[in-house]
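Enquirer: Before I ask anything, let me first share the structure, which is written out below as structure tokens.
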Amino acid sequence: ISPMTWGILAALCLSLAYWGWTAYQNDQRWNHLSQRLSTMPGIVLTTLERHGHTITLSGLRDPLAEDPEQIVTEEGFGNEHITAHWTPFHSLEPQFVGQRAIALLHPPITTTLRYSDGRLTASGTAPESWAAQARQIAPLIPGLREYHDGELHIVSLTELVTQLNRLTFTFETGSSTLSDTELDKITPAKTLLEDLRQSALTAGSTLIVEVIGDADAVGPETMNLLLATARAHAVIAALGGNSSYAPLVLSASVEPSSFAGFKGGRLKGNPLAQRRVTLLVSRKDTPGRAVTAP
């Protein structure tokens, strides 16, 4: 046998070996892909076929499940030749039941939902309107057998309004900067506003939260008006801004009657109590007691 013949035979053997190894690798990748898709949570695979470079997928898919086409791409198959047909369904696997419960109930940031073995538990704090709505919706969630809110502190709209109307932020003389002590009140105020926002959303109503600046009667009235306005805006900024709690409307106002001047040669009221910002919650069509600053 000539050397050329040996070379041809060797090349042929190498080609056959390469083809066999490539085919083996492709089969392994395909088997791995089939196994991975078949065990994906939230996916019921009914069709997985390959015709040349085209891959056809079909079956049932939970909207919360991972995208099967992404899995195909990760396994080394081009996504430009993928044809997929999925029918939506709700998987009863625990990870999806818990996610779906949170998505449907949309709890306020002060409320924690925990799902385990068919039971959903609510804890923390929530407005009365959300708690009532959750009790109606939770039993209808697929895969959920029980809903408990015994650990949940429920506050009514009236209680929220009362607590917010009691909030007071005091300032040093001539200052519109919140001290560290007063800044400690901001986080509880944000929690109350978020609860009030949830109540407003559920009730479909628009509430106005007037942030009312005040000042004592020391100094010119014009300067006191500007100082009271600056204090109101400082509190709004610390709370996150005017539009942070939509549909609540945060509005800066002033109470000029406190610093309108002297009465009988003495300052009206307690000067410390006048160097403050208070809140007043009212409905959109209800006039507040404050006078809006120019």
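Naming scheme: A, B, ... for chains in displayed order of the structure tokens; residues 1 onward per chain; ligands 1 onward as shown.
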For the strand (DSSP E) assignment from backbone DSSP, which residues of range 132-207 of chain A qualify? Please present them as a list in words.
Expert: Glu146, Tyr147, His148, Asp149, Gly150, Glu151, Leu152, His153, Ile154, Val155, Thr168, Phe169, Thr170 and Leu207 of chain A
Enquirer: Would you put the residues from that selection into a file with N, CA, C and O atoms, as a CSV table (one decimal), in the first residue's frame?
Expert:
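Result saved to result02.csv:
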```csv
chain,number,residue,atom,x,y,z
A,146,GLU,N,-54.9,28.1,53.1
A,146,GLU,CA,-55.2,28.9,54.3
A,146,GLU,C,-54.6,30.3,54.3
A,146,GLU,O,-53.5,30.4,53.7
A,147,TYR,N,-55.3,31.2,54.9
A,147,TYR,CA,-54.8,32.6,55.0
A,147,TYR,C,-55.0,33.0,56.4
A,147,TYR,O,-56.1,33.0,57.0
A,148,HIS,N,-53.9,33.5,57.1
A,148,HIS,CA,-54.0,33.9,58.5
A,148,HIS,C,-53.4,35.3,58.6
A,148,HIS,O,-52.3,35.5,58.2
A,149,ASP,N,-54.1,36.2,59.3
A,149,ASP,CA,-53.5,37.5,59.6
A,149,ASP,C,-53.6,37.9,61.1
A,149,ASP,O,-53.7,39.0,61.5
A,150,GLY,N,-53.6,36.8,61.9
A,150,GLY,CA,-53.6,37.0,63.4
A,150,GLY,C,-52.4,37.8,63.9
A,150,GLY,O,-52.5,38.5,64.9
A,151,GLU,N,-51.3,37.7,63.2
A,151,GLU,CA,-50.1,38.5,63.6
A,151,GLU,C,-50.0,39.9,63.0
A,151,GLU,O,-49.1,40.6,63.2
A,152,LEU,N,-51.0,40.2,62.2
A,152,LEU,CA,-51.0,41.5,61.5
A,152,LEU,C,-51.7,42.6,62.4
A,152,LEU,O,-52.9,42.4,62.8
A,153,HIS,N,-51.0,43.7,62.6
A,153,HIS,CA,-51.6,44.8,63.2
A,153,HIS,C,-52.4,45.7,62.2
A,153,HIS,O,-51.8,46.2,61.3
A,154,ILE,N,-53.7,45.7,62.4
A,154,ILE,CA,-54.5,46.4,61.4
A,154,ILE,C,-54.9,47.8,61.9
A,154,ILE,O,-55.4,47.9,63.1
A,155,VAL,N,-54.7,48.8,61.1
A,155,VAL,CA,-55.0,50.2,61.5
A,155,VAL,C,-56.1,50.8,60.6
A,155,VAL,O,-56.0,50.5,59.4
A,168,THR,N,-45.5,66.3,65.0
A,168,THR,CA,-45.0,67.7,65.1
A,168,THR,C,-43.5,67.6,65.0
A,168,THR,O,-42.8,66.8,65.6
A,169,PHE,N,-42.9,68.5,64.1
A,169,PHE,CA,-41.5,68.7,63.9
A,169,PHE,C,-41.1,70.1,64.4
A,169,PHE,O,-41.6,71.1,63.9
A,170,THR,N,-40.2,70.2,65.4
A,170,THR,CA,-39.9,71.5,65.9
A,170,THR,C,-38.5,71.9,65.4
A,170,THR,O,-37.7,71.0,65.0
A,207,LEU,N,-56.4,61.9,49.0
A,207,LEU,CA,-56.3,62.7,50.2
A,207,LEU,C,-55.2,63.7,50.1
A,207,LEU,O,-54.2,63.4,49.4
```
Enquirer: What does the distance between CA of Leu167 in chain A and CA of Leu280 in chain A come to in Å, to one decimal place?
Expert: 9.2 Å
Enquirer: Restricting the calculation to only C-alpha atoms: of A:Leu157, A:Leu196, A:Leu92, A:Ala134, which residue gets closest to Thr110 in chain A?
Expert: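 Selected residue with least distance to Thr110 in chain A: A:Leu196.
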Enquirer: Using CA of Val97 in chain A and CA of Ala65 in chain A as the two end points, give the distance in Å to one decimal.
Expert: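 Answer for the CA of Val97 in chain A to CA of Ala65 in chain A separation: 11.5 Å.
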Enquirer: For Gly241 in chain A, find every residue with an atom within 12 Å (counting only C-alpha atoms), except residues of its own chain fewer than 5 positions away, and show them as a list in words.
Expert: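 Neighbouring residues, sequence-local ones excluded: Lys190, Leu193, Val209, Val211, Ala232, His233, Ala234, Val235, Ile236, Ala246, Leu248, Val249, Leu250, Ser251 and Ala252 of chain A.
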Enquirer: Those residues with N, CA and C atoms, as a compact mmCIF listing (two decimals), in the first residue's frame please?
Expert:
```txt
# COMPACT_ATOMS: atom_id res chain seq x y z
N LYS A 190 -43.04 58.21 57.55
CA LYS A 190 -43.11 57.56 56.23
C LYS A 190 -43.96 56.30 56.29
N LEU A 193 -47.57 57.32 56.35
CA LEU A 193 -47.98 57.82 55.04
C LEU A 193 -48.16 56.68 54.05
N VAL A 209 -52.38 65.82 52.20
CA VAL A 209 -51.65 65.94 53.46
C VAL A 209 -50.97 67.31 53.45
N VAL A 211 -48.65 69.97 54.85
CA VAL A 211 -47.47 70.10 55.70
C VAL A 211 -47.37 71.57 56.05
N ALA A 232 -41.71 73.96 56.10
CA ALA A 232 -42.66 73.01 55.51
C ALA A 232 -42.02 72.22 54.37
N HIS A 233 -41.29 72.91 53.51
CA HIS A 233 -40.62 72.23 52.39
C HIS A 233 -39.50 71.31 52.87
N ALA A 234 -38.83 71.67 53.98
CA ALA A 234 -37.78 70.82 54.52
C ALA A 234 -38.35 69.48 54.99
N VAL A 235 -39.51 69.52 55.61
CA VAL A 235 -40.15 68.28 56.07
C VAL A 235 -40.62 67.44 54.88
N ILE A 236 -41.19 68.10 53.87
CA ILE A 236 -41.63 67.37 52.67
C ILE A 236 -40.44 66.68 52.00
N ALA A 246 -48.29 58.90 46.00
CA ALA A 246 -49.50 58.99 45.17
C ALA A 246 -50.41 57.79 45.45
N LEU A 248 -51.78 60.14 47.39
CA LEU A 248 -51.73 61.22 48.37
C LEU A 248 -51.06 62.43 47.76
N VAL A 249 -51.50 63.60 48.17
CA VAL A 249 -50.90 64.85 47.70
C VAL A 249 -50.30 65.57 48.90
N LEU A 250 -48.98 65.75 48.90
CA LEU A 250 -48.32 66.51 49.96
C LEU A 250 -48.24 67.97 49.55
N SER A 251 -48.81 68.83 50.37
CA SER A 251 -48.91 70.24 50.03
C SER A 251 -48.27 71.09 51.13
N ALA A 252 -47.37 72.01 50.75
CA ALA A 252 -46.73 72.91 51.71
C ALA A 252 -47.63 74.10 51.99
```
Enquirer: Write down as an NGL selection string the residues belonging to range 17-153 of chain A that are assigned alpha helix (DSSP H) by DSSP computed on the backbone.
Expert: :A and (17-38 or 68-74 or 94-105 or 128-137)
Enquirer: CA of Ile212 in chain A and CA of Glu255 in chain A, how far apart in Å?
Expert: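 Between these atoms lies a distance of 6.5 Å.
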